[in-house]
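File shown: target-v6.cif. Contents: mmCIF, C-alpha atoms.
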data_model
loop_
_atom_site.label_atom_id
_atom_site.label_comp_id
_atom_site.auth_asym_id
_atom_site.auth_seq_id
_atom_site.Cartn_x
_atom_site.Cartn_y
_atom_site.Cartn_z
CA MET A 1 0.32 31.87 5.68
CA LYS A 2 2.80 30.69 3.11
CA THR A 3 2.61 27.08 1.85
CA TYR A 4 5.01 25.05 -0.27
CA ARG A 5 4.40 21.59 -1.77
CA ASP A 6 7.03 19.17 -2.99
CA PHE A 7 7.76 15.45 -3.13
CA ILE A 8 10.49 13.06 -2.04
CA ARG A 9 10.57 10.02 -4.32
CA ILE A 10 12.14 6.78 -3.10
CA THR A 11 12.67 3.36 -4.67
CA THR A 12 14.18 1.01 -2.12
CA ALA A 13 16.41 -1.93 -3.03
CA ASP A 14 14.63 -4.21 -0.55
CA LYS A 15 11.02 -4.99 0.25
CA ARG A 16 11.47 -3.60 3.77
CA GLU A 17 14.00 -0.84 4.32
CA ILE A 18 14.48 2.23 6.51
CA ARG A 19 16.12 5.36 5.13
CA ASP A 20 17.25 8.66 6.69
CA ILE A 21 15.44 11.49 4.82
CA THR A 22 16.44 14.41 7.08
CA ARG A 23 18.59 16.05 4.40
CA GLU A 24 15.88 15.86 1.71
CA VAL A 25 13.28 17.34 4.09
CA SER A 26 15.69 20.12 5.13
CA GLN A 27 16.37 21.02 1.50
CA ILE A 28 12.66 21.38 0.76
CA ILE A 29 12.17 23.59 3.83
CA ALA A 30 15.03 25.79 2.60
CA LYS A 31 13.44 26.02 -0.86
CA SER A 32 10.04 26.90 0.68
CA GLY A 33 11.31 30.08 2.29
CA VAL A 34 9.20 29.30 5.38
CA GLN A 35 10.99 30.52 8.50
CA ASP A 36 8.53 29.53 11.19
CA GLY A 37 5.77 26.95 11.12
CA MET A 38 5.66 23.23 10.40
CA VAL A 39 6.10 20.59 7.74
CA LEU A 40 3.71 17.71 7.09
CA LEU A 41 5.31 14.57 5.63
CA PHE A 42 2.57 12.49 4.07
CA PRO A 43 3.41 9.33 2.08
CA HIS A 44 0.96 8.98 -0.81
CA HIS A 45 0.96 5.23 -0.13
CA THR A 46 -0.20 3.41 2.98
CA SER A 47 2.46 0.70 2.93
CA ALA A 48 5.16 3.03 4.29
CA SER A 49 5.63 5.39 7.23
CA VAL A 50 7.58 8.48 8.17
CA TYR A 51 8.77 8.76 11.77
CA VAL A 52 11.31 10.53 13.95
CA SER A 53 13.86 8.68 16.07
CA ASP A 54 17.39 8.91 17.35
CA SER A 55 20.05 8.48 14.72
CA ASP A 56 21.37 4.94 15.21
CA ALA A 57 21.46 2.02 12.78
CA THR A 58 20.76 -0.50 15.54
CA LEU A 59 17.56 1.36 16.41
CA THR A 60 16.22 1.06 12.86
CA GLU A 61 16.90 -2.68 13.05
CA ASP A 62 15.09 -2.90 16.39
CA PHE A 63 12.17 -0.94 14.97
CA MET A 64 11.75 -3.17 11.91
CA GLY A 65 12.17 -6.23 14.16
CA LEU A 66 9.33 -4.98 16.35
CA MET A 67 7.08 -4.47 13.32
CA GLU A 68 7.86 -7.96 12.03
CA ARG A 69 7.02 -9.48 15.40
CA ILE A 70 3.78 -7.55 16.03
CA VAL A 71 2.54 -7.98 12.46
CA PRO A 72 3.73 -11.51 11.67
CA ALA A 73 3.83 -13.10 8.24
CA GLY A 74 0.57 -14.90 7.59
CA GLU A 75 -2.69 -14.87 5.73
CA TYR A 76 -4.28 -11.43 5.60
CA LYS A 77 -7.66 -10.95 3.93
CA HIS A 78 -6.28 -8.10 1.83
CA ASP A 79 -3.85 -10.55 0.18
CA LEU A 80 -6.78 -12.31 -1.50
CA THR A 81 -7.86 -9.12 -3.31
CA ASP A 82 -4.54 -7.40 -4.08
CA ALA A 83 -2.00 -8.99 -6.41
CA ARG A 84 0.81 -7.38 -4.41
CA ARG A 85 -0.29 -9.42 -1.37
CA ASN A 86 0.82 -6.54 0.85
CA GLY A 87 -1.72 -6.73 3.71
CA ARG A 88 1.13 -7.12 6.17
CA ALA A 89 2.84 -3.98 4.82
CA HIS A 90 -0.36 -1.95 5.19
CA LEU A 91 -0.77 -3.03 8.82
CA MET A 92 2.85 -2.13 9.60
CA SER A 93 2.25 1.34 8.13
CA LEU A 94 -0.94 1.85 10.17
CA LEU A 95 0.70 0.71 13.39
CA SER A 96 3.76 2.93 12.98
CA GLY A 97 1.78 6.11 12.31
CA HIS A 98 2.18 6.58 8.53
CA ASN A 99 2.65 10.38 8.49
CA LEU A 100 4.43 13.01 10.55
CA THR A 101 4.17 16.71 11.42
CA LEU A 102 7.48 18.39 12.33
CA PRO A 103 8.17 21.86 13.75
CA VAL A 104 10.08 24.41 11.66
CA THR A 105 11.95 27.25 13.41
CA GLU A 106 14.32 29.82 11.89
CA GLY A 107 14.00 28.15 8.51
CA ALA A 108 15.05 24.68 9.67
CA LEU A 109 13.74 21.50 11.32
CA ASP A 110 13.38 22.08 15.06
CA LEU A 111 14.49 18.66 16.35
CA GLY A 112 16.28 17.35 19.43
CA VAL A 113 20.05 16.87 19.25
CA TYR A 114 19.92 13.19 18.24
CA GLN A 115 16.67 13.22 16.30
CA THR A 116 16.55 12.11 12.68
CA VAL A 117 13.67 11.81 10.20
CA TYR A 118 13.21 8.29 8.82
CA TYR A 119 11.21 6.77 5.99
CA ALA A 120 10.17 3.18 6.68
CA GLU A 121 9.29 1.21 3.57
CA PHE A 122 7.27 -1.97 4.10
CA ASP A 123 6.51 -2.88 0.45
CA GLY A 124 9.29 -1.42 -1.64
CA MET A 125 11.25 -2.11 -4.79
CA ARG A 126 8.99 0.35 -6.67
CA GLU A 127 8.81 4.13 -6.68
CA LYS A 128 6.92 5.70 -3.80
CA GLU A 129 6.26 9.39 -3.21
CA ILE A 130 6.13 11.33 0.03
CA LEU A 131 4.21 14.60 -0.09
CA VAL A 132 6.12 17.34 1.78
CA LYS A 133 3.90 20.29 2.68
CA VAL A 134 5.59 23.24 4.40
CA MET A 135 3.29 25.77 6.08
CA GLY A 136 4.08 28.94 8.02
CA GLU A 137 5.57 32.42 7.63
CA MET B 1 0.08 33.45 10.98
CA LYS B 2 1.32 33.94 14.51
CA THR B 3 3.68 31.35 16.05
CA TYR B 4 4.92 30.91 19.60
CA ARG B 5 7.62 28.51 20.83
CA ASP B 6 8.15 27.33 24.39
CA PHE B 7 9.21 24.24 26.32
CA ILE B 8 7.84 22.03 29.07
CA ARG B 9 10.68 20.46 31.05
CA ILE B 10 10.09 17.27 33.02
CA THR B 11 12.29 15.09 35.22
CA THR B 12 10.32 12.05 36.36
CA ALA B 13 10.99 10.22 39.63
CA ASP B 14 10.69 6.83 37.93
CA LYS B 15 12.09 5.28 34.78
CA ARG B 16 8.58 4.89 33.34
CA GLU B 17 5.94 7.39 34.39
CA ILE B 18 2.88 9.10 32.92
CA ARG B 19 2.07 12.71 33.79
CA ASP B 20 -0.88 15.02 33.05
CA ILE B 21 0.50 18.11 31.24
CA THR B 22 -2.83 19.72 30.25
CA ARG B 23 -2.33 22.71 32.57
CA GLU B 24 1.21 23.44 31.33
CA VAL B 25 0.09 23.27 27.68
CA SER B 26 -2.91 25.52 28.41
CA GLN B 27 -0.69 28.10 30.08
CA ILE B 28 1.61 28.25 27.05
CA ILE B 29 -1.37 28.68 24.70
CA ALA B 30 -2.57 31.57 26.90
CA LYS B 31 0.89 33.17 26.76
CA SER B 32 1.02 32.75 22.96
CA GLY B 33 -2.00 34.95 22.36
CA VAL B 34 -3.15 32.53 19.62
CA GLN B 35 -6.97 32.38 19.55
CA ASP B 36 -7.52 29.91 16.76
CA GLY B 37 -5.22 27.32 15.29
CA MET B 38 -3.28 24.40 16.73
CA VAL B 39 -0.44 23.41 19.01
CA LEU B 40 2.25 20.87 18.18
CA LEU B 41 3.73 19.02 21.17
CA PHE B 42 7.06 17.58 20.12
CA PRO B 43 9.35 15.86 22.66
CA HIS B 44 12.98 16.58 21.79
CA HIS B 45 13.77 12.99 22.80
CA THR B 46 12.49 9.78 21.23
CA SER B 47 12.16 7.81 24.47
CA ALA B 48 8.95 9.57 25.50
CA SER B 49 5.54 10.32 23.96
CA VAL B 50 2.74 12.85 24.24
CA TYR B 51 -0.81 11.56 23.78
CA VAL B 52 -4.43 12.41 24.54
CA SER B 53 -6.70 10.16 26.57
CA ASP B 54 -9.55 10.24 29.05
CA SER B 55 -8.61 11.47 32.50
CA ASP B 56 -8.38 8.34 34.62
CA ALA B 57 -5.47 6.94 36.61
CA THR B 58 -6.44 3.34 35.82
CA LEU B 59 -6.21 4.12 32.12
CA THR B 60 -2.62 5.35 32.40
CA GLU B 61 -1.79 2.08 34.19
CA ASP B 62 -3.49 0.07 31.44
CA PHE B 63 -1.61 2.06 28.80
CA MET B 64 1.81 1.50 30.35
CA GLY B 65 0.88 -2.16 30.90
CA LEU B 66 0.11 -2.51 27.20
CA MET B 67 3.43 -0.93 26.24
CA GLU B 68 5.32 -3.28 28.60
CA ARG B 69 3.57 -6.31 27.11
CA ILE B 70 3.98 -5.36 23.43
CA VAL B 71 7.59 -4.22 23.85
CA PRO B 72 8.88 -6.76 26.37
CA ALA B 73 12.12 -6.52 28.30
CA GLY B 74 14.87 -8.24 26.34
CA GLU B 75 17.93 -7.78 24.25
CA TYR B 76 17.62 -4.94 21.76
CA LYS B 77 20.44 -4.20 19.32
CA HIS B 78 20.43 -0.54 20.35
CA ASP B 79 21.41 -1.56 23.88
CA LEU B 80 24.81 -2.72 22.61
CA THR B 81 25.67 0.78 21.30
CA ASP B 82 24.03 3.08 23.86
CA ALA B 83 25.19 3.12 27.48
CA ARG B 84 21.67 3.98 28.59
CA ARG B 85 20.50 0.62 27.17
CA ASN B 86 17.18 2.24 26.30
CA GLY B 87 16.22 0.41 23.10
CA ARG B 88 12.99 -0.71 24.74
CA ALA B 89 12.12 2.90 25.68
CA HIS B 90 12.69 4.05 22.09
CA LEU B 91 10.39 1.35 20.71
CA MET B 92 7.65 2.26 23.22
CA SER B 93 7.92 5.89 22.09
CA LEU B 94 7.68 4.96 18.42
CA LEU B 95 4.69 2.66 18.96
CA SER B 96 2.75 5.22 21.00
CA GLY B 97 3.13 8.03 18.46
CA HIS B 98 5.78 10.27 20.09
CA ASN B 99 4.23 13.67 19.22
CA LEU B 100 0.78 15.23 19.08
CA THR B 101 -1.08 18.03 17.26
CA LEU B 102 -4.01 19.51 19.19
CA PRO B 103 -6.71 21.96 18.08
CA VAL B 104 -6.87 25.44 19.64
CA THR B 105 -10.19 27.34 19.62
CA GLU B 106 -11.05 30.62 21.35
CA GLY B 107 -7.61 30.72 22.96
CA ALA B 108 -7.82 27.28 24.59
CA LEU B 109 -7.37 23.56 23.92
CA ASP B 110 -10.38 22.24 21.98
CA LEU B 111 -10.75 18.81 23.61
CA GLY B 112 -13.64 16.47 24.42
CA VAL B 113 -15.18 16.66 27.90
CA TYR B 114 -13.01 13.91 29.42
CA GLN B 115 -9.87 14.39 27.33
CA THR B 116 -6.53 15.12 28.99
CA VAL B 117 -3.04 15.61 27.57
CA TYR B 118 -0.47 13.14 28.89
CA TYR B 119 3.30 12.88 28.77
CA ALA B 120 4.52 9.28 28.82
CA GLU B 121 8.13 8.90 29.93
CA PHE B 122 9.81 5.59 29.05
CA ASP B 123 13.40 6.41 30.09
CA GLY B 124 13.19 9.03 32.80
CA MET B 125 15.00 10.21 35.92
CA ARG B 126 16.74 12.90 33.85
CA GLU B 127 15.49 16.16 32.41
CA LYS B 128 13.58 15.94 29.16
CA GLU B 129 12.14 18.79 27.12
CA ILE B 130 8.93 18.94 25.11
CA LEU B 131 8.81 21.59 22.41
CA VAL B 132 5.44 23.37 22.40
CA LYS B 133 4.78 25.22 19.15
CA VAL B 134 1.54 27.20 18.94
CA MET B 135 0.44 28.33 15.45
CA GLY B 136 -2.61 30.30 14.34
CA GLU B 137 -4.24 33.70 14.57
CA MET C 1 -4.59 32.23 8.23
CA LYS C 2 -8.20 31.19 7.79
CA THR C 3 -9.66 28.55 10.10
CA TYR C 4 -12.95 26.66 9.97
CA ARG C 5 -14.41 24.36 12.65
CA ASP C 6 -17.09 21.75 12.16
CA PHE C 7 -18.05 18.27 13.37
CA ILE C 8 -18.79 14.87 11.89
CA ARG C 9 -21.21 12.95 14.13
CA ILE C 10 -21.37 9.17 13.93
CA THR C 11 -23.45 6.54 15.72
CA THR C 12 -22.33 3.09 14.65
CA ALA C 13 -24.62 0.04 14.60
CA ASP C 14 -21.92 -2.15 16.14
CA LYS C 15 -19.55 -1.83 19.05
CA ARG C 16 -16.55 -1.98 16.71
CA GLU C 17 -16.96 -0.66 13.20
CA ILE C 18 -14.89 1.11 10.54
CA ARG C 19 -16.45 3.73 8.29
CA ASP C 20 -15.21 5.69 5.25
CA ILE C 21 -15.54 9.42 6.08
CA THR C 22 -13.69 10.84 3.05
CA ARG C 23 -16.84 12.43 1.58
CA GLU C 24 -17.83 14.14 4.86
CA VAL C 25 -14.31 15.54 5.33
CA SER C 26 -14.21 16.76 1.72
CA GLN C 27 -17.56 18.55 2.11
CA ILE C 28 -16.31 20.40 5.19
CA ILE C 29 -13.13 21.46 3.37
CA ALA C 30 -15.30 22.81 0.52
CA LYS C 31 -17.47 24.74 3.02
CA SER C 32 -14.35 26.16 4.73
CA GLY C 33 -13.15 27.96 1.60
CA VAL C 34 -9.56 26.97 2.47
CA GLN C 35 -7.58 26.36 -0.73
CA ASP C 36 -4.22 25.45 0.68
CA GLY C 37 -3.26 24.19 4.13
CA MET C 38 -4.34 21.22 6.22
CA VAL C 39 -7.20 19.67 8.13
CA LEU C 40 -6.97 18.21 11.63
CA LEU C 41 -9.44 15.40 12.38
CA PHE C 42 -9.71 15.09 16.14
CA PRO C 43 -12.28 12.71 17.72
CA HIS C 44 -13.60 14.25 20.94
CA HIS C 45 -13.54 10.75 22.45
CA THR C 46 -10.52 8.50 23.03
CA SER C 47 -12.25 5.24 22.20
CA ALA C 48 -12.10 5.84 18.44
CA SER C 49 -9.47 6.75 15.83
CA VAL C 50 -9.21 8.43 12.47
CA TYR C 51 -6.66 7.05 10.03
CA VAL C 52 -5.78 6.95 6.34
CA SER C 53 -5.48 3.72 4.38
CA ASP C 54 -6.08 2.23 0.96
CA SER C 55 -9.73 1.82 0.05
CA ASP C 56 -10.42 -1.90 0.48
CA ALA C 57 -12.96 -3.66 2.69
CA THR C 58 -10.58 -6.56 3.38
CA LEU C 59 -8.01 -4.10 4.73
CA THR C 60 -10.44 -2.66 7.29
CA GLU C 61 -11.13 -6.24 8.44
CA ASP C 62 -7.40 -6.94 8.71
CA PHE C 63 -6.92 -3.71 10.65
CA MET C 64 -9.64 -4.45 13.20
CA GLY C 65 -8.33 -8.03 13.44
CA LEU C 66 -4.87 -6.71 14.30
CA MET C 67 -6.30 -4.43 16.99
CA GLU C 68 -8.29 -7.32 18.51
CA ARG C 69 -5.18 -9.49 18.60
CA ILE C 70 -2.78 -6.90 20.04
CA VAL C 71 -5.29 -5.59 22.60
CA PRO C 72 -7.04 -8.83 23.61
CA ALA C 73 -10.28 -9.09 25.57
CA GLY C 74 -9.47 -9.28 29.27
CA GLU C 75 -9.48 -7.47 32.56
CA TYR C 76 -8.32 -3.88 32.26
CA LYS C 77 -8.02 -1.70 35.36
CA HIS C 78 -10.10 1.01 33.72
CA ASP C 79 -13.06 -1.41 33.58
CA LEU C 80 -13.29 -1.35 37.37
CA THR C 81 -13.88 2.42 37.42
CA ASP C 82 -15.94 3.01 34.27
CA ALA C 83 -19.41 1.53 33.86
CA ARG C 84 -18.86 1.27 30.11
CA ARG C 85 -15.98 -1.18 30.77
CA ASN C 86 -14.23 0.21 27.69
CA GLY C 87 -10.56 -0.03 28.72
CA ARG C 88 -9.89 -2.21 25.70
CA ALA C 89 -11.46 0.38 23.37
CA HIS C 90 -9.29 3.14 24.83
CA LEU C 91 -6.12 1.11 24.29
CA MET C 92 -7.10 0.36 20.68
CA SER C 93 -7.60 4.09 20.10
CA LEU C 94 -4.21 4.96 21.61
CA LEU C 95 -2.39 2.30 19.61
CA SER C 96 -3.95 3.30 16.29
CA GLY C 97 -3.12 6.99 16.65
CA HIS C 98 -6.50 8.57 17.53
CA ASN C 99 -6.24 11.73 15.39
CA LEU C 100 -4.98 12.68 11.94
CA THR C 101 -3.60 15.71 10.08
CA LEU C 102 -4.21 15.69 6.32
CA PRO C 103 -2.86 17.99 3.60
CA VAL C 104 -5.25 20.27 1.67
CA THR C 105 -4.28 21.49 -1.82
CA GLU C 106 -6.40 23.42 -4.34
CA GLY C 107 -9.39 23.22 -2.00
CA ALA C 108 -9.38 19.42 -1.66
CA LEU C 109 -7.75 16.55 0.26
CA ASP C 110 -4.27 15.90 -1.14
CA LEU C 111 -4.17 12.09 -0.91
CA GLY C 112 -2.58 9.28 -2.91
CA VAL C 113 -4.66 7.59 -5.63
CA TYR C 114 -5.96 4.78 -3.42
CA GLN C 115 -6.03 6.60 -0.09
CA THR C 116 -9.24 6.90 1.90
CA VAL C 117 -10.00 8.49 5.29
CA TYR C 118 -11.45 6.07 7.84
CA TYR C 119 -13.11 6.41 11.21
CA ALA C 120 -12.49 3.39 13.47
CA GLU C 121 -15.02 3.05 16.27
CA PHE C 122 -13.99 0.81 19.18
CA ASP C 123 -16.86 1.54 21.60
CA GLY C 124 -19.83 2.53 19.50
CA MET C 125 -23.62 2.32 19.46
CA ARG C 126 -23.78 5.89 20.84
CA GLU C 127 -23.16 9.24 19.19
CA LYS C 128 -19.54 10.30 18.86
CA GLU C 129 -18.22 13.56 17.42
CA ILE C 130 -15.09 14.19 15.39
CA LEU C 131 -13.81 17.76 15.41
CA VAL C 132 -12.77 18.84 11.92
CA LYS C 133 -10.51 21.89 11.95
CA VAL C 134 -9.44 23.28 8.56
CA MET C 135 -6.53 25.73 8.57
CA GLY C 136 -4.83 27.58 5.71
CA GLU C 137 -5.42 30.22 3.07
#
What does the file become when written as structure tokens?
Amino acid sequence: MKTYRDFIRITTADKREIRDITREVSQIIAKSGVQDGMVLLFPHHTSASVYVSDSDATLTEDFMGLMERIVPAGEYKHDLTDARRNGRAHLMSLLSGHNLTLPVTEGALDLGVYQTVYYAEFDGMREKEILVKVMGE
Amino acid sequence: MKTYRDFIRITTADKREIRDITREVSQIIAKSGVQDGMVLLFPHHTSASVYVSDSDATLTEDFMGLMERIVPAGEYKHDLTDARRNGRAHLMSLLSGHNLTLPVTEGALDLGVYQTVYYAEFDGMREKEILVKVMGE
Amino acid sequence: MKTYRDFIRITTADKREIRDITREVSQIIAKSGVQDGMVLLFPHHTSASVYVSDSDATLTEDFMGLMERIVPAGEYKHDLTDARRNGRAHLMSLLSGHNLTLPVTEGALDLGVYQTVYYAEFDGMREKEILVKVMGE
């Protein structure tokens, strides 16, 4: 089994922001030389998530709106111990799955026609890193 | 590493429906010849999910009931751009995890005694495909 | 590809409890001899979850608080068929993702500086087992 390890680094302009990272992931798969296997996208922070969805700007708005409704602003215990007061961001990350394993076939992401890989930042405006681990043949 | 790629195709009778796909997944693992490794179940649509749960019809009802409560009917921005008006279905898929990686041992699914693999359709009555990628030795 | 299969067994003192299992997972990776690849943590019960988060006791309290709020106590259909009446526990497990795939690099977990692996029990006070499957080179 061949493995390849790289990072995508993102600093968002806003505290909460969703960004299409399909191109960056595809470039790393191409560099890896892996033809068949999978790629694990693992943010090295737990105040962000990687997920797959249809490519549509309204859908990213709906998704963030859902997160903001399910995990409302308020007093979280974590905010008393962490100067960033990002308890809400951590809960959004946990609820939306944090990391993602994607299939790789013939040297490329094996996604449905409309599917896109998104990075959801819940506590941004500082550099975050997403570990990209490609594994296969 | 050996890999094997196949599809499970499902057209549900209802818009929202949950179906046991354990047998179909097991058959693909048998065809793959993989004895030890894992299988990635990846719907090529983001208005459905694959998940593992105990085998019990009441539990699938409770699960869909939870989804309907957390992601209520209403106006989603995505509905204004997509003729299928399936914003709600997309959010249910995102919240329930969409895809699933399962362990394979001795040529079969390595699940707990009561565990079953389910496909949850949130926008059905049309053909959907689930990519099944088996990887291992 | 090398694979290694082991279990972590946990009996919690309380019905709902969150426990740091990073050390146990790391020991199994060391025993596996796998230097580069991934580890799949798969509870053989669907009334518990494994997840990654920052190491902070207040955050585990916030997480369990969120689960208790989103999946409130009440009548679930599953409770009518299962003597354990653990429908709520099953839904908490489904919503929090149940299982987890983690990257392994240079023979160890490849996590962010603050990241910790947690086991969330939603129906404890009896022995549960988490399958730990290490795969790689």
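The closest residue to Lys15 (chain B), picked from B:Gly136, B:Ser53, B:Ser47, B:Glu75 and counting all atoms listed in the file, is B:Ser47.
Closest to chain B among C:Gly74, C:Gly124, C:Gly112, C:Gly107 is C:Gly74, based on only C-alpha atoms.
Each of A:Pro43, A:Asp123, A:Leu66, A:Lys128 was compared to Arg84 (chain A) using only C-alpha atoms, and A:Asp123 turns out to be the nearest.
Shell of region 21-30 of chain A at 7 Å, with all atoms listed in the file counted and residues fewer than 6 places along the chain excluded, is A:Gly107, A:Ala108, A:Leu109, A:Thr116, A:Val117, A:Tyr118, A:Tyr119, A:Val134.
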Take the selection from the previous step and output its residues with C-alpha atoms, as a compact mmCIF listing (two decimals), in the frame of the given file.
# COMPACT_ATOMS: atom_id res chain seq x y z
CA GLY A 107 14.00 28.15 8.51
CA ALA A 108 15.05 24.68 9.67
CA LEU A 109 13.74 21.50 11.32
CA THR A 116 16.55 12.11 12.68
CA VAL A 117 13.67 11.81 10.20
CA TYR A 118 13.21 8.29 8.82
CA TYR A 119 11.21 6.77 5.99
CA VAL A 134 5.59 23.24 4.40
Contacts of Tyr51 (chain A) within 8 Å, only C-alpha atoms, excl. fewer than 4 positions in-chain, as a PyMOL selection string: (chain A and resi 96-100+117-120) or (chain B and resi 94)
I would like the residues chosen by the PyMOL selection byres ((chain C) within 8 of (chain A)) on the shown file; could you give them as a PyMOL selection string? chain C and resi 1+36-37+51-54+56+58-59+61-63+66+70+95-97+101-103+111-115+136-137
